[in-house]
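Coordinates as given in coords_24.cif (mmCIF, C-alpha atoms):
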```
data_input
loop_
_atom_site.group_PDB
_atom_site.id
_atom_site.type_symbol
_atom_site.label_atom_id
_atom_site.label_comp_id
_atom_site.auth_asym_id
_atom_site.auth_seq_id
_atom_site.Cartn_x
_atom_site.Cartn_y
_atom_site.Cartn_z
ATOM 1 C CA MET A 1 10.783 92.014 14.481
ATOM 2 C CA SER A 2 12.393 91.452 11.098
ATOM 3 C CA THR A 3 10.919 90.034 7.927
ATOM 4 C CA SER A 4 12.289 89.904 4.393
ATOM 5 C CA THR A 5 10.314 89.849 1.105
ATOM 6 C CA ASN A 6 7.372 87.613 0.973
ATOM 7 C CA PRO A 7 6.878 84.799 -1.581
ATOM 8 C CA LEU A 8 5.357 82.626 1.182
ATOM 9 C CA GLY A 9 2.909 85.180 2.522
ATOM 10 C CA ASP A 10 3.379 87.122 5.724
ATOM 11 C CA LEU A 11 5.491 84.711 7.751
ATOM 12 C CA SER A 12 5.672 87.039 10.720
ATOM 13 C CA ALA A 13 1.885 87.348 10.927
ATOM 14 C CA ALA A 14 1.450 83.586 10.471
ATOM 15 C CA SER A 15 3.913 82.752 13.247
ATOM 16 C CA GLY A 16 2.304 85.336 15.544
ATOM 17 C CA ARG A 17 -1.153 83.823 14.973
ATOM 18 C CA ALA A 18 0.225 80.344 15.636
ATOM 19 C CA LEU A 19 1.918 81.383 18.855
ATOM 20 C CA LYS A 20 -1.094 83.276 20.194
ATOM 21 C CA GLU A 21 -3.399 80.351 19.439
ATOM 22 C CA VAL A 22 -1.166 77.841 21.232
ATOM 23 C CA PHE A 23 -0.755 80.000 24.331
ATOM 24 C CA ALA A 24 -4.452 80.910 24.507
ATOM 25 C CA LYS A 25 -5.900 77.467 23.805
ATOM 26 C CA GLN A 26 -3.418 75.169 25.520
ATOM 27 C CA LEU A 27 -2.197 77.354 28.386
ATOM 28 C CA LYS A 28 -5.009 79.915 28.766
ATOM 29 C CA LEU A 29 -2.349 82.639 28.668
ATOM 30 C CA GLN A 30 -2.494 85.907 26.772
ATOM 31 C CA ILE A 31 0.721 87.057 25.152
ATOM 32 C CA PHE A 32 1.752 90.286 23.498
ATOM 33 C CA GLU A 33 4.565 91.299 21.217
ATOM 34 C CA SER A 34 7.400 93.029 23.038
ATOM 35 C CA PRO A 35 8.225 96.520 21.821
ATOM 36 C CA VAL A 36 11.044 96.692 19.295
ATOM 37 C CA SER A 37 14.039 98.587 20.646
ATOM 38 C CA ASP A 38 17.392 99.512 19.124
ATOM 39 C CA ALA A 39 19.185 97.573 21.831
ATOM 40 C CA LEU A 40 19.349 93.793 21.825
ATOM 41 C CA PRO A 41 16.168 92.347 23.340
ATOM 42 C CA SER A 42 16.357 91.453 27.027
ATOM 43 C CA LEU A 43 16.490 87.702 26.552
ATOM 44 C CA GLU A 44 19.314 86.724 28.839
ATOM 45 C CA GLY A 45 20.492 83.825 30.964
ATOM 46 C CA LYS A 46 19.750 80.175 30.447
ATOM 47 C CA LEU A 47 17.178 79.526 27.751
ATOM 48 C CA LEU A 48 15.477 76.377 26.588
ATOM 49 C CA HIS A 49 15.654 76.142 22.793
ATOM 50 C CA SER A 50 13.153 73.957 21.044
ATOM 51 C CA ALA A 51 13.367 73.461 17.292
ATOM 52 C CA VAL A 52 11.103 71.680 14.818
ATOM 53 C CA SER A 53 11.993 71.279 11.142
ATOM 54 C CA ILE A 54 9.474 71.860 8.341
ATOM 55 C CA ASN A 55 10.286 70.104 5.070
ATOM 56 C CA GLY A 56 8.392 69.782 1.826
ATOM 57 C CA GLU A 57 9.052 69.433 -1.896
ATOM 58 C CA LYS A 58 9.214 73.197 -2.308
ATOM 59 C CA ILE A 59 10.276 74.451 1.129
ATOM 60 C CA SER A 60 12.617 73.717 3.987
ATOM 61 C CA GLY A 61 12.809 75.506 7.300
ATOM 62 C CA THR A 62 12.862 75.643 11.060
ATOM 63 C CA VAL A 63 10.640 76.874 13.863
ATOM 64 C CA LEU A 64 12.705 77.850 16.906
ATOM 65 C CA LEU A 65 11.224 78.712 20.291
ATOM 66 C CA GLN A 66 13.512 80.185 22.970
ATOM 67 C CA VAL A 67 12.090 80.372 26.465
ATOM 68 C CA PRO A 68 13.672 81.482 29.783
ATOM 69 C CA GLU A 69 13.906 78.626 32.266
ATOM 70 C CA ALA A 70 11.481 80.294 34.716
ATOM 71 C CA LEU A 71 8.813 80.666 32.024
ATOM 72 C CA ALA A 72 9.335 77.063 30.900
ATOM 73 C CA GLN A 73 8.748 75.964 34.502
ATOM 74 C CA HIS A 74 5.608 78.095 34.673
ATOM 75 C CA VAL A 75 4.060 76.677 31.493
ATOM 76 C CA THR A 76 4.983 73.141 32.592
ATOM 77 C CA GLU A 77 3.053 73.661 35.804
ATOM 78 C CA ILE A 78 0.040 74.866 33.807
ATOM 79 C CA MET A 79 0.196 71.973 31.323
ATOM 80 C CA LEU A 80 0.835 69.158 33.787
ATOM 81 C CA GLY A 81 -0.832 70.563 36.893
ATOM 82 C CA SER A 82 2.315 70.061 38.942
ATOM 83 C CA GLU A 83 5.907 71.224 39.093
ATOM 84 C CA GLY A 84 7.745 69.202 36.469
ATOM 85 C CA ASP A 85 11.231 67.755 36.679
ATOM 86 C CA ALA A 86 13.952 68.796 34.216
ATOM 87 C CA GLU A 87 12.941 66.179 31.641
ATOM 88 C CA GLU A 88 9.269 67.146 31.837
ATOM 89 C CA ILE A 89 10.103 70.844 31.422
ATOM 90 C CA ARG A 90 12.130 70.030 28.299
ATOM 91 C CA ASP A 91 9.325 67.861 26.944
ATOM 92 C CA VAL A 92 6.683 70.550 27.503
ATOM 93 C CA THR A 93 8.868 73.123 25.709
ATOM 94 C CA GLY A 94 9.304 70.708 22.816
ATOM 95 C CA GLU A 95 5.590 70.001 22.612
ATOM 96 C CA LEU A 96 4.740 73.725 22.579
ATOM 97 C CA CYS A 97 7.145 74.233 19.661
ATOM 98 C CA ASN A 98 5.598 71.227 17.913
ATOM 99 C CA MET A 99 2.118 72.770 18.242
ATOM 100 C CA ILE A 100 3.336 76.153 16.969
ATOM 101 C CA ALA A 101 5.120 74.500 14.043
ATOM 102 C CA GLY A 102 1.941 72.582 13.234
ATOM 103 C CA ARG A 103 -0.059 75.798 12.953
ATOM 104 C CA VAL A 104 2.662 77.494 10.854
ATOM 105 C CA LYS A 105 2.788 74.429 8.607
ATOM 106 C CA ALA A 106 -0.995 74.577 8.128
ATOM 107 C CA GLU A 107 -0.720 78.196 6.932
ATOM 108 C CA LEU A 108 2.118 77.277 4.554
ATOM 109 C CA HIS A 109 0.010 74.404 3.221
ATOM 110 C CA ALA A 110 -2.869 76.803 2.577
ATOM 111 C CA SER A 111 -0.450 79.012 0.607
ATOM 112 C CA GLY A 112 0.492 76.102 -1.645
ATOM 113 C CA PHE A 113 3.557 74.825 0.228
ATOM 114 C CA PRO A 114 2.714 71.423 1.738
ATOM 115 C CA ALA A 115 5.293 70.024 4.146
ATOM 116 C CA THR A 116 5.848 67.635 7.019
ATOM 117 C CA LEU A 117 7.112 68.315 10.524
ATOM 118 C CA GLY A 118 10.161 66.832 12.190
ATOM 119 C CA THR A 119 10.132 65.769 15.821
ATOM 120 C CA PRO A 120 11.137 68.473 18.344
ATOM 121 C CA THR A 121 14.699 68.758 19.601
ATOM 122 C CA VAL A 122 15.349 70.637 22.841
ATOM 123 C CA SER A 123 18.604 72.089 24.127
ATOM 124 C CA ILE A 124 19.745 74.620 26.728
ATOM 125 C CA GLY A 125 21.976 77.623 26.098
ATOM 126 C CA GLN A 126 22.248 81.318 25.330
ATOM 127 C CA ARG A 127 20.123 83.151 22.796
ATOM 128 C CA ILE A 128 20.752 82.088 19.222
ATOM 129 C CA ALA A 129 19.634 83.521 15.888
ATOM 130 C CA LEU A 130 18.643 81.657 12.727
ATOM 131 C CA GLN A 131 20.253 83.032 9.584
ATOM 132 C CA LEU A 132 18.762 84.041 6.253
ATOM 133 C CA ARG A 133 20.105 81.668 3.605
ATOM 134 C CA GLY A 134 19.509 81.863 -0.132
ATOM 135 C CA GLU A 135 15.916 82.674 -1.021
ATOM 136 C CA SER A 136 14.550 82.403 2.488
ATOM 137 C CA GLN A 137 12.314 84.325 4.818
ATOM 138 C CA LEU A 138 13.019 84.873 8.466
ATOM 139 C CA SER A 139 10.687 86.109 11.153
ATOM 140 C CA SER A 140 12.020 86.758 14.653
ATOM 141 C CA THR A 141 9.791 88.245 17.331
ATOM 142 C CA ASP A 142 10.067 88.661 21.087
ATOM 143 C CA TRP A 143 6.960 88.119 23.181
ATOM 144 C CA SER A 144 5.839 88.508 26.787
ATOM 145 C CA VAL A 145 3.228 86.662 28.782
ATOM 146 C CA GLU A 146 0.663 88.943 30.357
ATOM 147 C CA GLY A 147 1.268 89.261 34.097
ATOM 148 C CA ASP A 148 4.377 87.078 34.070
ATOM 149 C CA GLN A 149 7.750 88.353 35.257
ATOM 150 C CA SER A 150 9.859 85.518 33.830
ATOM 151 C CA GLY A 151 11.030 87.688 30.950
ATOM 152 C CA ASP A 152 10.540 87.794 27.211
ATOM 153 C CA PHE A 153 10.639 84.742 25.026
ATOM 154 C CA ASN A 154 11.439 84.526 21.336
ATOM 155 C CA LEU A 155 9.982 82.779 18.302
ATOM 156 C CA GLN A 156 11.899 82.485 15.047
ATOM 157 C CA VAL A 157 10.603 80.953 11.850
ATOM 158 C CA GLN A 158 12.922 80.515 8.888
ATOM 159 C CA ILE A 159 11.598 79.105 5.622
ATOM 160 C CA ARG A 160 13.678 78.614 2.479
ATOM 161 C CA ILE A 161 12.181 78.018 -0.950
ATOM 162 C CA ILE A 162 13.901 75.106 -2.665
ATOM 163 C CA SER A 163 14.669 76.036 -6.263
ATOM 164 C CA MET B 1 -15.750 46.226 32.812
ATOM 165 C CA ASN B 2 -13.881 49.493 32.986
ATOM 166 C CA PRO B 3 -13.194 51.073 29.606
ATOM 167 C CA LYS B 4 -9.605 50.788 28.413
ATOM 168 C CA ILE B 5 -8.107 53.851 26.727
ATOM 169 C CA LEU B 6 -4.739 53.775 24.957
ATOM 170 C CA SER B 7 -2.789 56.994 24.455
ATOM 171 C CA ILE B 8 -0.126 56.778 21.716
ATOM 172 C CA ASP B 9 2.084 59.851 21.535
ATOM 173 C CA ASP B 10 5.843 60.370 21.563
ATOM 174 C CA SER B 11 5.332 63.430 23.774
ATOM 175 C CA LYS B 12 5.395 62.573 27.454
ATOM 176 C CA THR B 13 3.652 65.925 27.999
ATOM 177 C CA ILE B 14 0.595 64.835 26.019
ATOM 178 C CA ARG B 15 0.510 61.431 27.717
ATOM 179 C CA MET B 16 0.685 63.110 31.140
ATOM 180 C CA LEU B 17 -1.978 65.620 30.125
ATOM 181 C CA LEU B 18 -4.330 62.791 29.114
ATOM 182 C CA LYS B 19 -3.569 60.921 32.329
ATOM 183 C CA ARG B 20 -4.576 64.040 34.249
ATOM 184 C CA LEU B 21 -7.722 64.376 32.117
ATOM 185 C CA PHE B 22 -8.889 60.794 32.715
ATOM 186 C CA THR B 23 -7.859 60.395 36.383
ATOM 187 C CA PRO B 24 -11.287 61.532 37.688
ATOM 188 C CA PHE B 25 -12.994 58.764 35.661
ATOM 189 C CA VAL B 26 -13.324 55.027 36.128
ATOM 190 C CA CYS B 27 -11.161 53.715 33.305
ATOM 191 C CA GLU B 28 -7.841 52.070 32.617
ATOM 192 C CA LEU B 29 -5.334 54.225 30.765
ATOM 193 C CA PHE B 30 -2.451 52.678 28.820
ATOM 194 C CA GLU B 31 0.401 54.512 27.119
ATOM 195 C CA ALA B 32 2.737 53.994 24.188
ATOM 196 C CA GLY B 33 5.467 56.283 22.830
ATOM 197 C CA ASP B 34 5.238 55.312 19.135
ATOM 198 C CA GLY B 35 3.163 53.304 16.671
ATOM 199 C CA GLN B 36 5.176 50.115 17.053
ATOM 200 C CA GLU B 37 4.792 50.115 20.820
ATOM 201 C CA GLY B 38 1.148 51.048 20.301
ATOM 202 C CA LEU B 39 0.518 47.928 18.195
ATOM 203 C CA GLU B 40 2.006 45.776 20.952
ATOM 204 C CA VAL B 41 -0.271 47.342 23.564
ATOM 205 C CA VAL B 42 -3.322 46.989 21.263
ATOM 206 C CA ASN B 43 -2.651 43.259 20.829
ATOM 207 C CA ARG B 44 -2.056 42.755 24.520
ATOM 208 C CA GLU B 45 -4.746 44.948 26.116
ATOM 209 C CA LYS B 46 -7.427 45.189 23.400
ATOM 210 C CA PRO B 47 -8.414 48.782 24.290
ATOM 211 C CA ASP B 48 -11.881 50.276 23.761
ATOM 212 C CA LEU B 49 -10.475 53.543 22.391
ATOM 213 C CA ILE B 50 -7.145 54.793 21.025
ATOM 214 C CA ILE B 51 -6.064 58.437 21.139
ATOM 215 C CA LEU B 52 -3.407 58.595 18.448
ATOM 216 C CA ASP B 53 -0.719 61.061 17.392
ATOM 217 C CA TYR B 54 0.470 61.180 13.781
ATOM 218 C CA ASN B 55 4.065 62.405 13.808
ATOM 219 C CA MET B 56 6.119 59.952 15.885
ATOM 220 C CA PRO B 57 9.530 58.305 15.555
ATOM 221 C CA VAL B 58 9.882 54.561 14.828
ATOM 222 C CA MET B 59 6.342 54.234 13.423
ATOM 223 C CA ASP B 60 3.934 57.097 12.651
ATOM 224 C CA GLY B 61 0.240 57.063 13.462
ATOM 225 C CA VAL B 62 -1.013 56.360 9.934
ATOM 226 C CA THR B 63 1.305 53.364 9.465
ATOM 227 C CA MET B 64 0.230 52.027 12.840
ATOM 228 C CA LEU B 65 -3.429 52.505 11.943
ATOM 229 C CA ARG B 66 -3.020 50.703 8.590
ATOM 230 C CA GLN B 67 -1.301 47.739 10.245
ATOM 231 C CA MET B 68 -3.875 47.587 13.020
ATOM 232 C CA ARG B 69 -6.806 47.603 10.567
ATOM 233 C CA GLU B 70 -5.315 44.566 8.777
ATOM 234 C CA ASN B 71 -6.302 42.553 11.844
ATOM 235 C CA THR B 72 -10.054 41.903 11.600
ATOM 236 C CA GLU B 73 -10.303 41.994 15.396
ATOM 237 C CA PHE B 74 -9.359 45.697 15.344
ATOM 238 C CA LYS B 75 -11.129 46.741 12.112
ATOM 239 C CA ARG B 76 -13.666 48.806 14.044
ATOM 240 C CA LEU B 77 -11.643 49.767 17.110
ATOM 241 C CA PRO B 78 -12.474 53.459 17.711
ATOM 242 C CA VAL B 79 -9.611 55.907 17.173
ATOM 243 C CA ILE B 80 -9.455 59.639 17.832
ATOM 244 C CA MET B 81 -6.504 61.426 16.229
ATOM 245 C CA LEU B 82 -4.792 64.040 18.437
ATOM 246 C CA THR B 83 -2.090 65.696 16.408
ATOM 247 C CA ALA B 84 -0.417 68.933 15.335
ATOM 248 C CA GLU B 85 -0.736 67.654 11.751
ATOM 249 C CA ALA B 86 -3.712 69.233 10.006
ATOM 250 C CA SER B 87 -3.121 68.660 6.297
ATOM 251 C CA PRO B 88 -6.227 67.691 4.278
ATOM 252 C CA GLU B 89 -4.338 64.673 2.848
ATOM 253 C CA ILE B 90 -3.676 63.169 6.280
ATOM 254 C CA ILE B 91 -7.208 63.933 7.481
ATOM 255 C CA GLY B 92 -8.578 62.206 4.365
ATOM 256 C CA THR B 93 -6.275 59.217 4.791
ATOM 257 C CA VAL B 94 -7.205 58.576 8.433
ATOM 258 C CA ALA B 95 -10.897 59.100 7.647
ATOM 259 C CA ARG B 96 -10.648 56.270 5.115
ATOM 260 C CA LEU B 97 -9.026 54.183 7.844
ATOM 261 C CA GLY B 98 -12.106 54.613 10.006
ATOM 262 C CA VAL B 99 -10.957 57.274 12.461
ATOM 263 C CA ARG B 100 -13.893 58.541 14.554
ATOM 264 C CA ASP B 101 -12.681 62.062 15.215
ATOM 265 C CA TYR B 102 -9.796 64.399 14.575
ATOM 266 C CA VAL B 103 -8.484 66.889 17.150
ATOM 267 C CA THR B 104 -5.652 69.255 16.286
ATOM 268 C CA LYS B 105 -3.106 70.494 18.817
ATOM 269 C CA PRO B 106 -3.352 72.916 20.547
ATOM 270 C CA PHE B 107 -6.540 71.461 21.961
ATOM 271 C CA ASP B 108 -9.152 72.153 24.583
ATOM 272 C CA SER B 109 -9.207 69.308 27.125
ATOM 273 C CA ASP B 110 -12.972 69.566 27.695
ATOM 274 C CA GLN B 111 -13.676 69.292 23.968
ATOM 275 C CA LEU B 112 -11.487 66.205 23.743
ATOM 276 C CA LEU B 113 -13.282 64.724 26.737
ATOM 277 C CA ASP B 114 -16.658 65.334 25.032
ATOM 278 C CA LYS B 115 -15.450 63.411 21.995
ATOM 279 C CA VAL B 116 -14.174 60.555 24.157
ATOM 280 C CA ILE B 117 -17.482 60.328 26.025
ATOM 281 C CA ARG B 118 -19.254 59.862 22.692
ATOM 282 C CA VAL B 119 -17.207 56.691 22.183
ATOM 283 C CA VAL B 120 -16.770 55.124 25.631
ATOM 284 C CA ASN B 121 -18.896 55.241 28.735
ATOM 285 C CA LEU B 122 -16.945 57.203 31.345
ATOM 286 C CA GLU B 123 -18.218 57.383 34.912
ATOM 287 C CA ARG B 124 -16.729 59.654 37.523
ATOM 288 C CA ARG B 125 -14.833 57.958 40.314
ATOM 289 C CA PRO B 126 -16.625 58.195 43.668
ATOM 290 C CA GLU B 127 -15.236 60.943 45.909
ATOM 291 C CA ALA B 128 -12.638 59.533 48.330
#
```
Render the structure in this file as structure tokens.
Amino acid sequence: MSTSTNPLGDLSAASGRALKEVFAKQLKLQIFESPVSDALPSLEGKLLHSAVSINGEKISGTVLLQVPEALAQHVTEIMLGSEGDAEEIRDVTGELCNMIAGRVKAELHASGFPATLGTPTVSIGQRIALQLRGESQLSSTDWSVEGDQSGDFNLQVQIRIIS
Amino acid sequence: MNPKILSIDDSKTIRMLLKRLFTPFVCELFEAGDGQEGLEVVNREKPDLIILDYNMPVMDGVTMLRQMRENTEFKRLPVIMLTAEASPEIIGTVARLGVRDYVTKPFDSDQLLDKVIRVVNLERRPEA
């Protein structure tokens, strides 16, 4: 987990609360933060990336969810009650990111930074990392689903204050 | 007559989730992927209830709601918002546009169903 200085409040805590709420309420799954190690986190292979932009008069940023394909399939089955096809799996991943971004946005609004959400974009690839730019905050945390062997997943939230 | 429910959401996931939620009940479920398409379905099907997202491409939920309320026929058509958007401004705006209830995503399906049942009469389908 990494977090810089904090004009927006504790972004890492806010994103963690958002993620836990979405998994508990929508999927009935408990998640826990993966231990921080010196080595690169074990997020390998094909990942589904879902990103939602957050833009307001005073802030601009991105919420990025990276999920192993097997976990994306698992949550799709929970959400839809059946094994989804490739398009449905992408859509579920996008919708989860949208829900997480909505909760993060609500916390930013409460801290005096109103904003609007973009629509989710979903792609497939290797692990990527958002970069700190200008006066921005970045939170990146790996998580695991209790009892699931699909591997860790990652949530990154990057918010930049517009000067 | 069976109640007609219209789900307007750009997320296929949410539309499928609602379809799954309402399948056990005697009702007709219609879908639209944005506000513009939603207006077309409203005019054509005259639903008894709309479950409406806010943040959608082409036409967002508030714009759709404003345009729909301009038609006197749909001035009182019940609408439940189902959205990840939870800002007080949007909640206030849709309240002034006569929205019955507001559910934020993530959501509990049973709680949404309770709110729907307060608006339309849903009967369980007989066991096959």
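Near chain B, counting only C-alpha atoms at 6 Å, the chain A residues are Val22, Gln26, Leu80, Val92, Met99 and Gly102 of chain A.
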Self-check item: Chain and number of each residue from the PyMOL selection byres ((chain A and resi 47-57) around 8), as a count of residues only
Solution: 39
Practice problem: Take the point (-2.3, 55.3, 28.0) in the file's coordinates, draw a sphere of radius 7 Å around it, and report as a ChimeraX atom specification every protein, DNA or RNA residue with an atom inside or on it, counting all atoms listed in the file. | Solution: /B:5-8,15,29-32
Against segment 111-125 of chain B, which residues of segment 81-102 of chain B fall within 9 Å? For each one I want the closest pair of atoms and the distance in Å (one decimal), counting all atoms listed in the file, rows by chain and increasing residue number, as a tab-separated table.
```
residue	atom	partner	partner_atom	distance
B:Leu82	CA	B:Leu112	CA	8.8
B:Arg100	CA	B:Val119	CA	8.5
B:Asp101	CA	B:Lys115	CA	7.4
```
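Shortest separation to Glu45 of chain B among B:Val26, B:Asp110, B:Ile91, B:Lys4 occurs at residue B:Lys4, atoms counted being all atoms listed in the file.
Our summary of the geometry notes that atom CA of Met59 of chain B is positioned 17.3 Å from atom CA of Ile80 of chain B.
In this structure, atom CA of Asp9 of chain B sits 8.3 Å away from atom CA of Ile51 of chain B.
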Exercise. For Leu65 of chain B, work out the shell of residues within 10 Å, counting all atoms listed in the file and skipping chain neighbours fewer than 6 positions away, then give it as a ChimeraX atom specification.
Key: /B:35,38-39,52,54,74-75,79,94,97-99
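Between atom CA of Trp143 of chain A and atom CA of Asp91 of chain A the interatomic distance comes to 20.7 Å.
Distances to Leu11 of chain A were evaluated for A:Leu71, A:Ile128, A:Val157, A:Met79 using all atoms listed in the file, and the minimum falls at A:Val157.
Nearest-residue note for Glu37 of chain B: choosing from B:Phe22, B:Val103, B:Gly92, B:Val58, the minimum distance belongs to B:Val58, counting all atoms listed in the file.
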